[in-house]
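What follows is a short report on a single structure.
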Amino acid sequence: MAFTLPALPYAFNALEPHIDARTMEIHHGKHHNAYVTNLNNAVAGKPEESLSIEEICATISKYPAAVRNNGGGHYNHSLFWTVMAPNAGGTPTDALADAINAAFGSFDEMKTKFNTAAATRFGSGWAWLIKDASGKLAITSTPNQDNPLMDVAEVKGTPILGLDVWEHAYYLNYQNRRPDYANAFWNVVNWSEVASRFAK
Ligand code: MN
């Protein structure tokens, strides 16, 4: 198979109490797994089978909806698991902290903008902190399983932090309280991973 489900880099319960074990188990083992299976089915026997998921995203307008939805789902969730970690949170440091201050004025202001993007994305989608082509940071959001790597994205850039705001990501623990889930997310953000994505 061209694409594989990456192992979760921590236990299902590692992000509790902020993200519950049952949600993580279903989210990784069922939702992400289904995106990988459906993506593999959609690219089977086609040239895109040998492309990276980033390469597919960059020219996503060439492909059918099954590749856009499941390819986006695979890229987005693969990033999502790595930008969270147990005993994480806190604040970014060094070059990433400087870039956040330069773009948003302060870390708190960046969080406010990100939380607003998460709360106001109607229906299902993602909130993102991205690095644009000039190296500057920006906040954006995308619908469904789209992402800012895609040529169809309104605001393009390289995601360095993303939050899944589909109901499947929070409903068991937070029900309709998406803003509470977005606030809790900051307790599990893996800033060293975000910094390493920023540095690339
Ligand atoms: Mn999801």
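Letters A, B, ... mark the chains of the structure tokens in the order given; residue numbers begin at 1 per chain; ligand numbers begin at 1, in order shown.
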**Report entry** Cut-off 7 Å, only C-alpha atoms and all ligand atoms, neighbours of ligand 1 as a ChimeraX atom specification
**Finding:** /A:27,31-32,77,164,166,168-169
Requested in this report: Name all residues at most 8 Å from stretch 181-193 of chain A (count only C-alpha atoms; drop same-chain ones fewer than 6 positions away) and give them as a PyMOL selection string.
Outcome: chain A and resi 15+18-19+82-92+115+118-119+163+170+174
Query raised in the report: Could you pull out all residues of stretch 73-170 of chain A with a DSSP call of strand (DSSP E) and give them as a list in words?
Result: Gly125, Trp126, Ala127, Trp128, Leu129, Ile130, Lys131, Leu137, Ala138, Ile139, Thr140, Ser141, Thr142, Pro143, Thr158, Pro159, Ile160, Leu161, Gly162, Leu163 and Asp164 of chain A
Would you output that residue set with N, CA and C atoms, as a PDB file, in the first residue's frame?
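File produced: selection.pdb:
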```pdb
ATOM      1  N   GLY A 125     -13.675  21.142   9.931  1.00  0.00           N
ATOM      2  CA  GLY A 125     -12.465  21.683   9.325  1.00  0.00           C
ATOM      3  C   GLY A 125     -11.327  21.744  10.304  1.00  0.00           C
ATOM      4  N   TRP A 126     -10.377  22.622  10.022  1.00  0.00           N
ATOM      5  CA  TRP A 126      -9.135  22.724  10.786  1.00  0.00           C
ATOM      6  C   TRP A 126      -8.749  24.179  10.978  1.00  0.00           C
ATOM      7  N   ALA A 127      -8.132  24.475  12.118  1.00  0.00           N
ATOM      8  CA  ALA A 127      -7.460  25.758  12.344  1.00  0.00           C
ATOM      9  C   ALA A 127      -5.960  25.525  12.229  1.00  0.00           C
ATOM     10  N   TRP A 128      -5.261  26.517  11.683  1.00  0.00           N
ATOM     11  CA  TRP A 128      -3.832  26.341  11.377  1.00  0.00           C
ATOM     12  C   TRP A 128      -2.996  27.548  11.777  1.00  0.00           C
ATOM     13  N   LEU A 129      -1.776  27.255  12.222  1.00  0.00           N
ATOM     14  CA  LEU A 129      -0.700  28.240  12.256  1.00  0.00           C
ATOM     15  C   LEU A 129       0.225  27.841  11.112  1.00  0.00           C
ATOM     16  N   ILE A 130       0.428  28.748  10.172  1.00  0.00           N
ATOM     17  CA  ILE A 130       1.226  28.417   8.980  1.00  0.00           C
ATOM     18  C   ILE A 130       2.400  29.377   8.822  1.00  0.00           C
ATOM     19  N   LYS A 131       3.377  28.893   8.071  1.00  0.00           N
ATOM     20  CA  LYS A 131       4.507  29.712   7.643  1.00  0.00           C
ATOM     21  C   LYS A 131       4.308  29.959   6.153  1.00  0.00           C
ATOM     22  N   LEU A 137       4.593  34.084   9.768  1.00  0.00           N
ATOM     23  CA  LEU A 137       3.537  33.250  10.337  1.00  0.00           C
ATOM     24  C   LEU A 137       2.171  33.877  10.112  1.00  0.00           C
ATOM     25  N   ALA A 138       1.152  33.031   9.964  1.00  0.00           N
ATOM     26  CA  ALA A 138      -0.232  33.492   9.815  1.00  0.00           C
ATOM     27  C   ALA A 138      -1.161  32.429  10.384  1.00  0.00           C
ATOM     28  N   ILE A 139      -2.369  32.863  10.744  1.00  0.00           N
ATOM     29  CA  ILE A 139      -3.429  31.955  11.198  1.00  0.00           C
ATOM     30  C   ILE A 139      -4.456  31.842  10.082  1.00  0.00           C
ATOM     31  N   THR A 140      -4.919  30.628   9.842  1.00  0.00           N
ATOM     32  CA  THR A 140      -5.967  30.440   8.851  1.00  0.00           C
ATOM     33  C   THR A 140      -6.802  29.230   9.256  1.00  0.00           C
ATOM     34  N   SER A 141      -7.865  28.968   8.508  1.00  0.00           N
ATOM     35  CA  SER A 141      -8.616  27.733   8.710  1.00  0.00           C
ATOM     36  C   SER A 141      -9.068  27.215   7.362  1.00  0.00           C
ATOM     37  N   THR A 142      -9.348  25.920   7.314  1.00  0.00           N
ATOM     38  CA  THR A 142      -9.788  25.289   6.071  1.00  0.00           C
ATOM     39  C   THR A 142     -11.019  24.430   6.346  1.00  0.00           C
ATOM     40  N   PRO A 143     -11.885  24.240   5.344  1.00  0.00           N
ATOM     41  CA  PRO A 143     -13.054  23.369   5.523  1.00  0.00           C
ATOM     42  C   PRO A 143     -12.688  21.897   5.320  1.00  0.00           C
ATOM     43  N   THR A 158       2.840  26.576   4.752  1.00  0.00           N
ATOM     44  CA  THR A 158       3.200  25.294   5.340  1.00  0.00           C
ATOM     45  C   THR A 158       2.673  25.238   6.768  1.00  0.00           C
ATOM     46  N   PRO A 159       1.793  24.295   7.065  1.00  0.00           N
ATOM     47  CA  PRO A 159       1.272  24.201   8.432  1.00  0.00           C
ATOM     48  C   PRO A 159       2.373  23.817   9.421  1.00  0.00           C
ATOM     49  N   ILE A 160       2.457  24.534  10.541  1.00  0.00           N
ATOM     50  CA  ILE A 160       3.377  24.116  11.600  1.00  0.00           C
ATOM     51  C   ILE A 160       2.614  23.695  12.865  1.00  0.00           C
ATOM     52  N   LEU A 161       1.321  24.063  12.925  1.00  0.00           N
ATOM     53  CA  LEU A 161       0.451  23.643  14.028  1.00  0.00           C
ATOM     54  C   LEU A 161      -0.967  23.564  13.465  1.00  0.00           C
ATOM     55  N   GLY A 162      -1.698  22.518  13.818  1.00  0.00           N
ATOM     56  CA  GLY A 162      -3.067  22.390  13.327  1.00  0.00           C
ATOM     57  C   GLY A 162      -3.962  21.811  14.402  1.00  0.00           C
ATOM     58  N   LEU A 163      -5.219  22.255  14.401  1.00  0.00           N
ATOM     59  CA  LEU A 163      -6.210  21.723  15.341  1.00  0.00           C
ATOM     60  C   LEU A 163      -7.414  21.220  14.555  1.00  0.00           C
ATOM     61  N   ASP A 164      -7.724  19.961  14.755  1.00  0.00           N
ATOM     62  CA  ASP A 164      -8.892  19.322  14.145  1.00  0.00           C
ATOM     63  C   ASP A 164     -10.138  19.825  14.862  1.00  0.00           C
TER      64      ASP A 164
END
```
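With distances restricted to only C-alpha atoms, A:Ser52 is the closest residue to A:His74 from A:Asn173, A:Thr93, A:Ser52, A:Thr59.
The two atoms in question, atom CA of A:Phe198 and atom CA of A:Asp94, are spaced 11.3 Å apart.
For the pair atom CA of A:Arg22 and atom CA of A:Val67, the interatomic distance is 27.7 Å.
If you look at atom CA of A:Ile100 and atom CA of A:Lys136, they are 8.8 Å away from each other.
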Query raised in the report: With only C-alpha atoms as the atoms that count, which of A:Thr23, A:Gln175, A:Thr37, A:Ser106 lies nearest to A:Gly71?
Result: A:Thr37
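The closest residue to A:Gly73, picked from A:Ala14, A:Ala21, A:Ala195, A:Val36 and counting only C-alpha atoms, is A:Val36.
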Requested in this report: Can you list, as a ChimeraX atom specification, all residues belonging to stretch 79-118 of chain A that DSSP tags as helix (DSSP H, G or I)?
Outcome: /A:79-82,94-104,107-118
